[in-house]
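This report refers to the structure that appears directly beneath it.
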Amino acid sequence: MVKVVVLGAHGQVAQIAERFLFADKDVETSLFLRNAKRMEDKKNQATIFEGSATDAAQLEKAMKGQDIVYANLGGKDDIDLEAEAVIEAMKNACVKRLIWISTLGIYDEVPGKFGEWNKETLGDYITEYAKAAKRIEESGLDYTIIRPTWMNNKDEVDYEKSKKGEPIKDTEVSRKSVAAYVYHLIKNPKEDVGESIGLGKPGTEGDKPGWY
């Protein structure tokens with residue numbers, strides 16, 4: 001039995017990942033979110049914690065006894081503070097394994113016109129997520145950072161991985177693919193430890209996502 005807590009449990013990718021987790025009898029799931037009422041219908045499938053992801057003490061309560069923390073947090077104004085609080089709480093709760101969702105372009109790894117468009121569109125979002133990722137990388141935790149390309153809602157699992165330092169040319173990937181990779185890491189927690197992984201759908205190269 002593996003115990004996992006999902007931070008930002010009401011997020012779109014998180015909710016898809018939770019479907020994989022709830023269907024797996026070998027996973028015990030906890031959910032952490034700002035407004036617990038949003039997930040009240042899941043109380044028979046998971047333990048639910050309410051709190052702020054910038055509050056290390058509230059996070060620590062949810063993390064105690066867990067094997068894995070999956071952080072699906074967002075918002076450029078808070079992401080670096082959230083990273084700081086998550087690291088502190090994990091250390092205090094003696095949890096080492098972290099799956100952290102980041103964003104595309106934090107290492108200036110997107111070449112060409114797509115890279116220019118991505119940088120222009122995301123702006124400060126990239127800067128703040130890069131700060132948070134650097135904090136995670138220097139934390140001493142067993143982390144995997146995930147950098148999805150632009151996400152769509154297609155009902156498919158189709159992705160390829162790239163490592164830090166490798167260029168990313170794929171412009172999009174499905175949220176379901178990202179969730180499937182998260183679930184894969186939860187089931188295979190020794191895989192991609194200490195890595196920052198780009199995720200994109202093969203064959204989606206271009207100047208910007210096809211749906212944009």
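By convention in this document, the chains of the structure tokens carry letters A, B, ... by their order, each chain's residues are numbered from 1, and ligands are numbered from 1 in the order they are shown.
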
**Asked** Can you list, as a PyMOL selection string, every protein, DNA or RNA residue that comes within 12 Å of Gly74 of chain A when you count only C-alpha atoms, leaving out same-chain residues fewer than 2 positions away?
**Response** chain A and resi 7-14+33+53-54+71-72+76-83+100-103+125-126+128-129+132

**Message:** Just checking: using only C-alpha atoms, which residue out of A:Met63, A:Leu199, A:Val6, A:Ile68 ends up closest to Ala89 of chain A?
**Reply:** A:Met63

**Message:** I need the residue nearest Ala93 of chain A from this list: A:Glu50, A:Asp207, A:Asp67, A:Glu60. Use only C-alpha atoms for the distance.
**Reply:**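 Closest candidate: A:Glu60.
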
Non-local contacts of segment 178-192 of chain A (9 Å; only C-alpha atoms; under 4 positions in same chain excluded) as a short mmCIF file (atom, residue, chain, number, x, y, z; two decimals) with C-alpha atoms, in the first residue's frame:
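Below is the file selection-v8.cif, written as the result:
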```cif
data_model
loop_
_atom_site.label_atom_id
_atom_site.label_comp_id
_atom_site.auth_asym_id
_atom_site.auth_seq_id
_atom_site.Cartn_x
_atom_site.Cartn_y
_atom_site.Cartn_z
CA VAL A 2 1.38 3.39 -1.02
CA VAL A 4 -0.08 9.70 -1.45
CA VAL A 13 -4.86 17.42 -13.97
CA ALA A 14 -5.10 16.44 -10.31
CA GLN A 15 -8.72 15.35 -10.67
CA ILE A 16 -7.83 13.09 -13.61
CA ALA A 17 -4.90 11.62 -11.65
CA GLU A 18 -7.24 11.05 -8.71
CA PHE A 20 -6.45 6.57 -11.49
CA LEU A 21 -5.63 6.59 -7.77
CA VAL A 27 -3.09 3.33 -3.17
CA ILE A 68 4.54 10.53 -1.71
CA TYR A 70 2.06 15.09 -5.51
CA ARG A 97 9.30 11.73 -2.48
CA ILE A 99 6.14 14.95 -7.72
CA ASP A 142 13.61 12.92 -4.01
CA TYR A 143 11.80 15.08 -6.55
CA THR A 144 10.52 14.74 -10.07
CA ILE A 146 7.16 17.75 -14.62
CA PRO A 148 4.06 19.78 -19.57
CA MET A 151 -2.40 21.10 -22.26
CA VAL A 157 -2.57 9.04 -23.20
CA TYR A 159 3.41 11.50 -24.52
CA VAL A 173 -0.10 17.27 -24.58
CA SER A 174 -3.34 16.05 -23.01
CA SER A 196 13.05 17.53 -14.48
CA ILE A 197 10.96 15.93 -17.20
CA LEU A 199 6.16 16.06 -21.45
CA GLY A 200 4.78 16.57 -24.93
#
```

**Fill in**
What separates atom CA of Gly105 of chain A and atom CA of Glu166 of chain A is a distance of 11.3 Å

**Request:** May I ask for the distance between atom CA of Leu59 of chain A and atom CA of Ile145 of chain A, given in Å to one decimal place?
**Result:**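 It comes out at 19.1 Å.
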
**Request:** Could you give me, as an MDAnalysis selection string, the residues within 12 Å of Tyr212 of chain A, counting only C-alpha atoms and dropping anything in the same chain fewer than 6 positions from it?
**Result:** chainID A and resid 114 117:118 121 150:152 171:172 206

Can you spit out the residues from that selection as a compact mmCIF listing (two decimals), in the first residue's frame, using C-alpha atoms?
```txt
# COMPACT_ATOMS: atom_id res chain seq x y z
CA PHE A 114 7.31 28.36 -30.40
CA TRP A 117 5.53 32.64 -28.40
CA ASN A 118 5.65 30.62 -25.16
CA THR A 121 2.44 34.38 -23.62
CA TRP A 150 0.39 23.34 -23.53
CA MET A 151 -2.40 21.10 -22.26
CA ASN A 152 -5.64 20.07 -23.95
CA THR A 171 3.59 22.18 -28.50
CA GLU A 172 0.85 20.29 -26.68
CA GLY A 206 4.82 24.02 -34.63
```

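For Leu141 of chain A, the non-local neighbours within 8 Å, defined as residues at least 4 positions apart in the same chain or in other chains and counting only C-alpha atoms, are Ile87, Lys96, Arg97, Leu98, Ile136 and Glu137 of chain A.
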
Taking the DSSP assignment computed from this structure's backbone, write out as a PDB file with N, CA and C atoms, in the first residue's frame all residues of segment 5-181 of chain A that belong to alpha helix (DSSP H).
```
ATOM      1  N   GLN A  12      -7.349  20.607 -12.524  1.00  0.00           N
ATOM      2  CA  GLN A  12      -7.852  19.763 -13.622  1.00  0.00           C
ATOM      3  C   GLN A  12      -7.031  18.489 -13.792  1.00  0.00           C
ATOM      4  N   VAL A  13      -5.714  18.614 -13.826  1.00  0.00           N
ATOM      5  CA  VAL A  13      -4.861  17.421 -13.973  1.00  0.00           C
ATOM      6  C   VAL A  13      -4.977  16.546 -12.731  1.00  0.00           C
ATOM      7  N   ALA A  14      -4.999  17.191 -11.560  1.00  0.00           N
ATOM      8  CA  ALA A  14      -5.098  16.438 -10.305  1.00  0.00           C
ATOM      9  C   ALA A  14      -6.350  15.571 -10.281  1.00  0.00           C
ATOM     10  N   GLN A  15      -7.466  16.122 -10.731  1.00  0.00           N
ATOM     11  CA  GLN A  15      -8.715  15.348 -10.670  1.00  0.00           C
ATOM     12  C   GLN A  15      -8.676  14.131 -11.602  1.00  0.00           C
ATOM     13  N   ILE A  16      -7.984  14.256 -12.719  1.00  0.00           N
ATOM     14  CA  ILE A  16      -7.834  13.092 -13.609  1.00  0.00           C
ATOM     15  C   ILE A  16      -6.915  12.057 -12.944  1.00  0.00           C
ATOM     16  N   ALA A  17      -5.820  12.534 -12.355  1.00  0.00           N
ATOM     17  CA  ALA A  17      -4.904  11.624 -11.653  1.00  0.00           C
ATOM     18  C   ALA A  17      -5.626  10.913 -10.508  1.00  0.00           C
ATOM     19  N   GLU A  18      -6.500  11.635  -9.833  1.00  0.00           N
ATOM     20  CA  GLU A  18      -7.242  11.050  -8.706  1.00  0.00           C
ATOM     21  C   GLU A  18      -8.127   9.888  -9.166  1.00  0.00           C
ATOM     22  N   ARG A  19      -8.646   9.964 -10.374  1.00  0.00           N
ATOM     23  CA  ARG A  19      -9.454   8.848 -10.886  1.00  0.00           C
ATOM     24  C   ARG A  19      -8.611   7.575 -10.982  1.00  0.00           C
ATOM     25  N   PHE A  20      -7.374   7.725 -11.451  1.00  0.00           N
ATOM     26  CA  PHE A  20      -6.450   6.573 -11.489  1.00  0.00           C
ATOM     27  C   PHE A  20      -6.195   6.058 -10.067  1.00  0.00           C
ATOM     28  N   LEU A  21      -5.980   6.974  -9.146  1.00  0.00           N
ATOM     29  CA  LEU A  21      -5.632   6.592  -7.771  1.00  0.00           C
ATOM     30  C   LEU A  21      -6.797   5.921  -7.062  1.00  0.00           C
ATOM     31  N   PHE A  22      -8.005   6.485  -7.214  1.00  0.00           N
ATOM     32  CA  PHE A  22      -9.174   5.921  -6.540  1.00  0.00           C
ATOM     33  C   PHE A  22      -9.489   4.509  -7.040  1.00  0.00           C
ATOM     34  N   ALA A  56       3.069  26.017   5.955  1.00  0.00           N
ATOM     35  CA  ALA A  56       3.812  24.770   6.165  1.00  0.00           C
ATOM     36  C   ALA A  56       3.189  23.906   7.261  1.00  0.00           C
ATOM     37  N   ALA A  57       2.643  24.532   8.293  1.00  0.00           N
ATOM     38  CA  ALA A  57       2.051  23.763   9.393  1.00  0.00           C
ATOM     39  C   ALA A  57       0.813  23.002   8.931  1.00  0.00           C
ATOM     40  N   GLN A  58      -0.028  23.648   8.112  1.00  0.00           N
ATOM     41  CA  GLN A  58      -1.218  22.978   7.580  1.00  0.00           C
ATOM     42  C   GLN A  58      -0.826  21.861   6.625  1.00  0.00           C
ATOM     43  N   LEU A  59       0.189  22.109   5.815  1.00  0.00           N
ATOM     44  CA  LEU A  59       0.686  21.075   4.895  1.00  0.00           C
ATOM     45  C   LEU A  59       1.237  19.880   5.663  1.00  0.00           C
ATOM     46  N   GLU A  60       1.974  20.159   6.723  1.00  0.00           N
ATOM     47  CA  GLU A  60       2.603  19.082   7.490  1.00  0.00           C
ATOM     48  C   GLU A  60       1.568  18.103   8.049  1.00  0.00           C
ATOM     49  N   LYS A  61       0.426  18.633   8.508  1.00  0.00           N
ATOM     50  CA  LYS A  61      -0.646  17.769   9.029  1.00  0.00           C
ATOM     51  C   LYS A  61      -1.099  16.770   7.967  1.00  0.00           C
ATOM     52  N   ALA A  62      -1.214  17.250   6.722  1.00  0.00           N
ATOM     53  CA  ALA A  62      -1.675  16.387   5.627  1.00  0.00           C
ATOM     54  C   ALA A  62      -0.594  15.408   5.182  1.00  0.00           C
ATOM     55  N   MET A  63       0.662  15.768   5.393  1.00  0.00           N
ATOM     56  CA  MET A  63       1.785  14.953   4.898  1.00  0.00           C
ATOM     57  C   MET A  63       2.221  13.850   5.857  1.00  0.00           C
ATOM     58  N   ILE A  79       3.493  30.564  -6.282  1.00  0.00           N
ATOM     59  CA  ILE A  79       4.135  29.269  -6.517  1.00  0.00           C
ATOM     60  C   ILE A  79       5.482  29.134  -5.796  1.00  0.00           C
ATOM     61  N   ASP A  80       6.257  30.204  -5.714  1.00  0.00           N
ATOM     62  CA  ASP A  80       7.544  30.113  -5.029  1.00  0.00           C
ATOM     63  C   ASP A  80       7.343  29.963  -3.517  1.00  0.00           C
ATOM     64  N   LEU A  81       6.380  30.692  -2.963  1.00  0.00           N
ATOM     65  CA  LEU A  81       6.051  30.550  -1.535  1.00  0.00           C
ATOM     66  C   LEU A  81       5.528  29.154  -1.246  1.00  0.00           C
ATOM     67  N   GLU A  82       4.739  28.615  -2.176  1.00  0.00           N
ATOM     68  CA  GLU A  82       4.213  27.258  -2.015  1.00  0.00           C
ATOM     69  C   GLU A  82       5.351  26.238  -2.023  1.00  0.00           C
ATOM     70  N   ALA A  83       6.297  26.417  -2.930  1.00  0.00           N
ATOM     71  CA  ALA A  83       7.454  25.507  -2.985  1.00  0.00           C
ATOM     72  C   ALA A  83       8.215  25.539  -1.661  1.00  0.00           C
ATOM     73  N   GLU A  84       8.431  26.723  -1.132  1.00  0.00           N
ATOM     74  CA  GLU A  84       9.145  26.874   0.144  1.00  0.00           C
ATOM     75  C   GLU A  84       8.392  26.152   1.271  1.00  0.00           C
ATOM     76  N   ALA A  85       7.071  26.358   1.326  1.00  0.00           N
ATOM     77  CA  ALA A  85       6.259  25.735   2.380  1.00  0.00           C
ATOM     78  C   ALA A  85       6.204  24.215   2.230  1.00  0.00           C
ATOM     79  N   VAL A  86       6.087  23.736   0.997  1.00  0.00           N
ATOM     80  CA  VAL A  86       6.035  22.291   0.741  1.00  0.00           C
ATOM     81  C   VAL A  86       7.332  21.626   1.193  1.00  0.00           C
ATOM     82  N   ILE A  87       8.461  22.228   0.866  1.00  0.00           N
ATOM     83  CA  ILE A  87       9.765  21.663   1.258  1.00  0.00           C
ATOM     84  C   ILE A  87       9.883  21.608   2.779  1.00  0.00           C
ATOM     85  N   GLU A  88       9.532  22.704   3.423  1.00  0.00           N
ATOM     86  CA  GLU A  88       9.611  22.747   4.895  1.00  0.00           C
ATOM     87  C   GLU A  88       8.709  21.682   5.524  1.00  0.00           C
ATOM     88  N   ALA A  89       7.475  21.592   5.023  1.00  0.00           N
ATOM     89  CA  ALA A  89       6.516  20.636   5.582  1.00  0.00           C
ATOM     90  C   ALA A  89       6.964  19.193   5.346  1.00  0.00           C
ATOM     91  N   MET A  90       7.482  18.906   4.158  1.00  0.00           N
ATOM     92  CA  MET A  90       7.939  17.545   3.863  1.00  0.00           C
ATOM     93  C   MET A  90       9.091  17.147   4.775  1.00  0.00           C
ATOM     94  N   LYS A  91       9.999  18.064   5.008  1.00  0.00           N
ATOM     95  CA  LYS A  91      11.134  17.753   5.890  1.00  0.00           C
ATOM     96  C   LYS A  91      10.653  17.522   7.318  1.00  0.00           C
ATOM     97  N   ASN A  92       9.722  18.355   7.765  1.00  0.00           N
ATOM     98  CA  ASN A  92       9.195  18.205   9.131  1.00  0.00           C
ATOM     99  C   ASN A  92       8.379  16.908   9.281  1.00  0.00           C
ATOM    100  N   ALA A  93       7.717  16.507   8.197  1.00  0.00           N
ATOM    101  CA  ALA A  93       6.893  15.294   8.226  1.00  0.00           C
ATOM    102  C   ALA A  93       7.692  14.045   7.850  1.00  0.00           C
ATOM    103  N   GLY A 112      13.173  28.342 -31.100  1.00  0.00           N
ATOM    104  CA  GLY A 112      12.440  28.835 -32.269  1.00  0.00           C
ATOM    105  C   GLY A 112      11.226  29.693 -31.971  1.00  0.00           C
ATOM    106  N   LYS A 113      10.332  29.730 -32.956  1.00  0.00           N
ATOM    107  CA  LYS A 113       9.144  30.592 -32.847  1.00  0.00           C
ATOM    108  C   LYS A 113       8.224  30.149 -31.721  1.00  0.00           C
ATOM    109  N   PHE A 114       8.138  28.843 -31.500  1.00  0.00           N
ATOM    110  CA  PHE A 114       7.306  28.358 -30.399  1.00  0.00           C
ATOM    111  C   PHE A 114       7.857  28.865 -29.058  1.00  0.00           C
ATOM    112  N   GLY A 115       9.184  28.833 -28.912  1.00  0.00           N
ATOM    113  CA  GLY A 115       9.811  29.336 -27.691  1.00  0.00           C
ATOM    114  C   GLY A 115       9.525  30.812 -27.478  1.00  0.00           C
ATOM    115  N   GLU A 116       9.608  31.587 -28.548  1.00  0.00           N
ATOM    116  CA  GLU A 116       9.321  33.026 -28.454  1.00  0.00           C
ATOM    117  C   GLU A 116       7.864  33.256 -28.060  1.00  0.00           C
ATOM    118  N   TRP A 117       6.965  32.514 -28.702  1.00  0.00           N
ATOM    119  CA  TRP A 117       5.529  32.643 -28.399  1.00  0.00           C
ATOM    120  C   TRP A 117       5.243  32.234 -26.957  1.00  0.00           C
ATOM    121  N   ASN A 118       5.860  31.129 -26.520  1.00  0.00           N
ATOM    122  CA  ASN A 118       5.647  30.617 -25.161  1.00  0.00           C
ATOM    123  C   ASN A 118       6.099  31.651 -24.122  1.00  0.00           C
ATOM    124  N   LYS A 119       7.279  32.230 -24.368  1.00  0.00           N
ATOM    125  CA  LYS A 119       7.845  33.216 -23.435  1.00  0.00           C
ATOM    126  C   LYS A 119       6.974  34.470 -23.381  1.00  0.00           C
ATOM    127  N   GLU A 120       6.517  34.904 -24.539  1.00  0.00           N
ATOM    128  CA  GLU A 120       5.680  36.105 -24.614  1.00  0.00           C
ATOM    129  C   GLU A 120       4.322  35.873 -23.946  1.00  0.00           C
ATOM    130  N   THR A 121       3.769  34.684 -24.142  1.00  0.00           N
ATOM    131  CA  THR A 121       2.440  34.375 -23.615  1.00  0.00           C
ATOM    132  C   THR A 121       2.460  34.178 -22.104  1.00  0.00           C
ATOM    133  N   LEU A 122       3.491  33.490 -21.601  1.00  0.00           N
ATOM    134  CA  LEU A 122       3.549  33.170 -20.169  1.00  0.00           C
ATOM    135  C   LEU A 122       4.205  34.259 -19.321  1.00  0.00           C
ATOM    136  N   ASP A 124       5.864  36.550 -16.810  1.00  0.00           N
ATOM    137  CA  ASP A 124       6.360  36.379 -15.433  1.00  0.00           C
ATOM    138  C   ASP A 124       6.053  35.005 -14.866  1.00  0.00           C
ATOM    139  N   TYR A 125       5.055  34.348 -15.412  1.00  0.00           N
ATOM    140  CA  TYR A 125       4.676  33.003 -14.986  1.00  0.00           C
ATOM    141  C   TYR A 125       5.907  32.092 -15.036  1.00  0.00           C
ATOM    142  N   ILE A 126       6.686  32.194 -16.135  1.00  0.00           N
ATOM    143  CA  ILE A 126       7.885  31.371 -16.299  1.00  0.00           C
ATOM    144  C   ILE A 126       8.911  31.706 -15.221  1.00  0.00           C
ATOM    145  N   THR A 127       9.122  33.013 -14.980  1.00  0.00           N
ATOM    146  CA  THR A 127      10.115  33.450 -13.998  1.00  0.00           C
ATOM    147  C   THR A 127       9.815  32.885 -12.619  1.00  0.00           C
ATOM    148  N   GLU A 128       8.534  32.982 -12.200  1.00  0.00           N
ATOM    149  CA  GLU A 128       8.155  32.524 -10.861  1.00  0.00           C
ATOM    150  C   GLU A 128       8.225  30.995 -10.748  1.00  0.00           C
ATOM    151  N   TYR A 129       7.802  30.302 -11.792  1.00  0.00           N
ATOM    152  CA  TYR A 129       7.878  28.832 -11.771  1.00  0.00           C
ATOM    153  C   TYR A 129       9.330  28.354 -11.812  1.00  0.00           C
ATOM    154  N   ALA A 130      10.191  29.123 -12.477  1.00  0.00           N
ATOM    155  CA  ALA A 130      11.626  28.785 -12.507  1.00  0.00           C
ATOM    156  C   ALA A 130      12.226  28.913 -11.115  1.00  0.00           C
ATOM    157  N   LYS A 131      11.843  29.962 -10.385  1.00  0.00           N
ATOM    158  CA  LYS A 131      12.327  30.143  -9.004  1.00  0.00           C
ATOM    159  C   LYS A 131      11.914  28.962  -8.138  1.00  0.00           C
ATOM    160  N   ALA A 132      10.643  28.580  -8.267  1.00  0.00           N
ATOM    161  CA  ALA A 132      10.120  27.462  -7.468  1.00  0.00           C
ATOM    162  C   ALA A 132      10.848  26.163  -7.811  1.00  0.00           C
ATOM    163  N   ALA A 133      11.077  25.929  -9.104  1.00  0.00           N
ATOM    164  CA  ALA A 133      11.763  24.705  -9.540  1.00  0.00           C
ATOM    165  C   ALA A 133      13.186  24.656  -8.999  1.00  0.00           C
ATOM    166  N   LYS A 134      13.869  25.782  -9.021  1.00  0.00           N
ATOM    167  CA  LYS A 134      15.241  25.849  -8.486  1.00  0.00           C
ATOM    168  C   LYS A 134      15.239  25.499  -6.998  1.00  0.00           C
ATOM    169  N   ARG A 135      14.241  26.001  -6.299  1.00  0.00           N
ATOM    170  CA  ARG A 135      14.105  25.701  -4.869  1.00  0.00           C
ATOM    171  C   ARG A 135      13.918  24.186  -4.651  1.00  0.00           C
ATOM    172  N   ILE A 136      13.071  23.583  -5.494  1.00  0.00           N
ATOM    173  CA  ILE A 136      12.832  22.131  -5.394  1.00  0.00           C
ATOM    174  C   ILE A 136      14.130  21.364  -5.681  1.00  0.00           C
ATOM    175  N   GLU A 137      14.852  21.791  -6.713  1.00  0.00           N
ATOM    176  CA  GLU A 137      16.082  21.099  -7.118  1.00  0.00           C
ATOM    177  C   GLU A 137      17.163  21.169  -6.027  1.00  0.00           C
ATOM    178  N   ARG A 175      -4.097  16.638 -20.794  1.00  0.00           N
ATOM    179  CA  ARG A 175      -4.072  16.590 -19.324  1.00  0.00           C
ATOM    180  C   ARG A 175      -4.093  15.135 -18.850  1.00  0.00           C
ATOM    181  N   LYS A 176      -4.807  14.297 -19.578  1.00  0.00           N
ATOM    182  CA  LYS A 176      -4.868  12.878 -19.203  1.00  0.00           C
ATOM    183  C   LYS A 176      -3.481  12.239 -19.289  1.00  0.00           C
ATOM    184  N   SER A 177      -2.679  12.642 -20.276  1.00  0.00           N
ATOM    185  CA  SER A 177      -1.313  12.115 -20.406  1.00  0.00           C
ATOM    186  C   SER A 177      -0.459  12.515 -19.207  1.00  0.00           C
ATOM    187  N   VAL A 178      -0.591  13.771 -18.786  1.00  0.00           N
ATOM    188  CA  VAL A 178       0.177  14.253 -17.628  1.00  0.00           C
ATOM    189  C   VAL A 178      -0.249  13.476 -16.381  1.00  0.00           C
ATOM    190  N   ALA A 179      -1.558  13.309 -16.213  1.00  0.00           N
ATOM    191  CA  ALA A 179      -2.088  12.561 -15.068  1.00  0.00           C
ATOM    192  C   ALA A 179      -1.611  11.110 -15.089  1.00  0.00           C
ATOM    193  N   ALA A 180      -1.561  10.515 -16.272  1.00  0.00           N
ATOM    194  CA  ALA A 180      -1.111   9.125 -16.405  1.00  0.00           C
ATOM    195  C   ALA A 180       0.363   8.992 -16.016  1.00  0.00           C
ATOM    196  N   TYR A 181       1.159   9.984 -16.388  1.00  0.00           N
ATOM    197  CA  TYR A 181       2.578   9.953 -16.009  1.00  0.00           C
ATOM    198  C   TYR A 181       2.737  10.126 -14.497  1.00  0.00           C
TER     199      TYR A 181
END
```

**Message:** Please identify the strand (DSSP E) residues within segment 41-137 of chain A (assignment by DSSP from backbone atoms) and present them as a list in words.
**Reply:**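 Matching residues for strand (DSSP E) in segment 41-137 of chain A are Thr47, Ile48, Phe49, Glu50, Ile68, Val69, Tyr70, Ala71, Arg97, Leu98, Ile99, Trp100 and Ile101 of chain A.
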
Residues within 10 Å of Thr47 of chain A, please, as an mmCIF file with N, CA, C and O atoms, in the first residue's frame. Count only C-alpha atoms; anything in the same chain fewer than 2 positions from it doesn't count.
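For reference, selection_19.cif as written:
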```
data_model
loop_
_atom_site.group_PDB
_atom_site.id
_atom_site.type_symbol
_atom_site.label_atom_id
_atom_site.label_comp_id
_atom_site.auth_asym_id
_atom_site.auth_seq_id
_atom_site.Cartn_x
_atom_site.Cartn_y
_atom_site.Cartn_z
ATOM 1 N N VAL A 5 -0.496 12.019 -0.913
ATOM 2 C CA VAL A 5 -1.332 13.200 -0.698
ATOM 3 C C VAL A 5 -1.212 14.100 -1.921
ATOM 4 O O VAL A 5 -0.117 14.350 -2.425
ATOM 5 N N GLU A 28 -3.564 4.540 -1.135
ATOM 6 C CA GLU A 28 -4.401 5.256 -0.172
ATOM 7 C C GLU A 28 -4.207 6.752 -0.425
ATOM 8 O O GLU A 28 -3.084 7.260 -0.326
ATOM 9 N N THR A 29 -5.271 7.439 -0.776
ATOM 10 C CA THR A 29 -5.180 8.814 -1.253
ATOM 11 C C THR A 29 -5.696 9.811 -0.222
ATOM 12 O O THR A 29 -6.742 9.596 0.389
ATOM 13 N N SER A 30 -4.952 10.901 -0.067
ATOM 14 C CA SER A 30 -5.409 12.058 0.702
ATOM 15 C C SER A 30 -5.427 13.265 -0.227
ATOM 16 O O SER A 30 -4.601 13.364 -1.145
ATOM 17 N N LEU A 31 -6.360 14.166 0.012
ATOM 18 C CA LEU A 31 -6.522 15.358 -0.821
ATOM 19 C C LEU A 31 -6.347 16.603 0.038
ATOM 20 O O LEU A 31 -6.908 16.693 1.130
ATOM 21 N N PHE A 32 -5.578 17.562 -0.462
ATOM 22 C CA PHE A 32 -5.359 18.823 0.244
ATOM 23 C C PHE A 32 -5.761 19.954 -0.689
ATOM 24 O O PHE A 32 -5.273 20.040 -1.818
ATOM 25 N N LYS A 42 -15.966 13.234 -2.573
ATOM 26 C CA LYS A 42 -14.889 12.231 -2.606
ATOM 27 C C LYS A 42 -14.529 11.737 -1.202
ATOM 28 O O LYS A 42 -13.550 11.011 -1.038
ATOM 29 N N LYS A 43 -15.293 12.125 -0.193
ATOM 30 C CA LYS A 43 -14.897 11.811 1.190
ATOM 31 C C LYS A 43 -14.904 10.313 1.495
ATOM 32 O O LYS A 43 -14.258 9.872 2.446
ATOM 33 N N ASN A 44 -15.619 9.527 0.692
ATOM 34 C CA ASN A 44 -15.598 8.073 0.888
ATOM 35 C C ASN A 44 -14.419 7.404 0.178
ATOM 36 O O ASN A 44 -14.148 6.225 0.381
ATOM 37 N N GLN A 45 -13.736 8.183 -0.666
ATOM 38 C CA GLN A 45 -12.604 7.637 -1.424
ATOM 39 C C GLN A 45 -11.253 8.147 -0.944
ATOM 40 O O GLN A 45 -10.215 7.591 -1.299
ATOM 41 N N PHE A 49 -8.125 17.153 3.484
ATOM 42 C CA PHE A 49 -7.565 18.198 4.343
ATOM 43 C C PHE A 49 -7.812 19.558 3.695
ATOM 44 O O PHE A 49 -7.625 19.715 2.488
ATOM 45 N N ALA A 62 -1.214 17.250 6.722
ATOM 46 C CA ALA A 62 -1.675 16.387 5.627
ATOM 47 C C ALA A 62 -0.594 15.408 5.182
ATOM 48 O O ALA A 62 -0.894 14.345 4.637
#
```

**Request:** Give me the residues within 8 Å of Gly203 of chain A as a list of chain:residue names, counting only C-alpha atoms and dropping any in the same chain fewer than 2 places off.
**Result:**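 My reading of the contact set: A:Asp170, A:Lys201, A:Glu205.
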
**Item:** Between atom CA of Ser139 of chain A and atom CA of Glu109 of chain A, distance in Å (one decimal)
**Value:** 22.2 Å
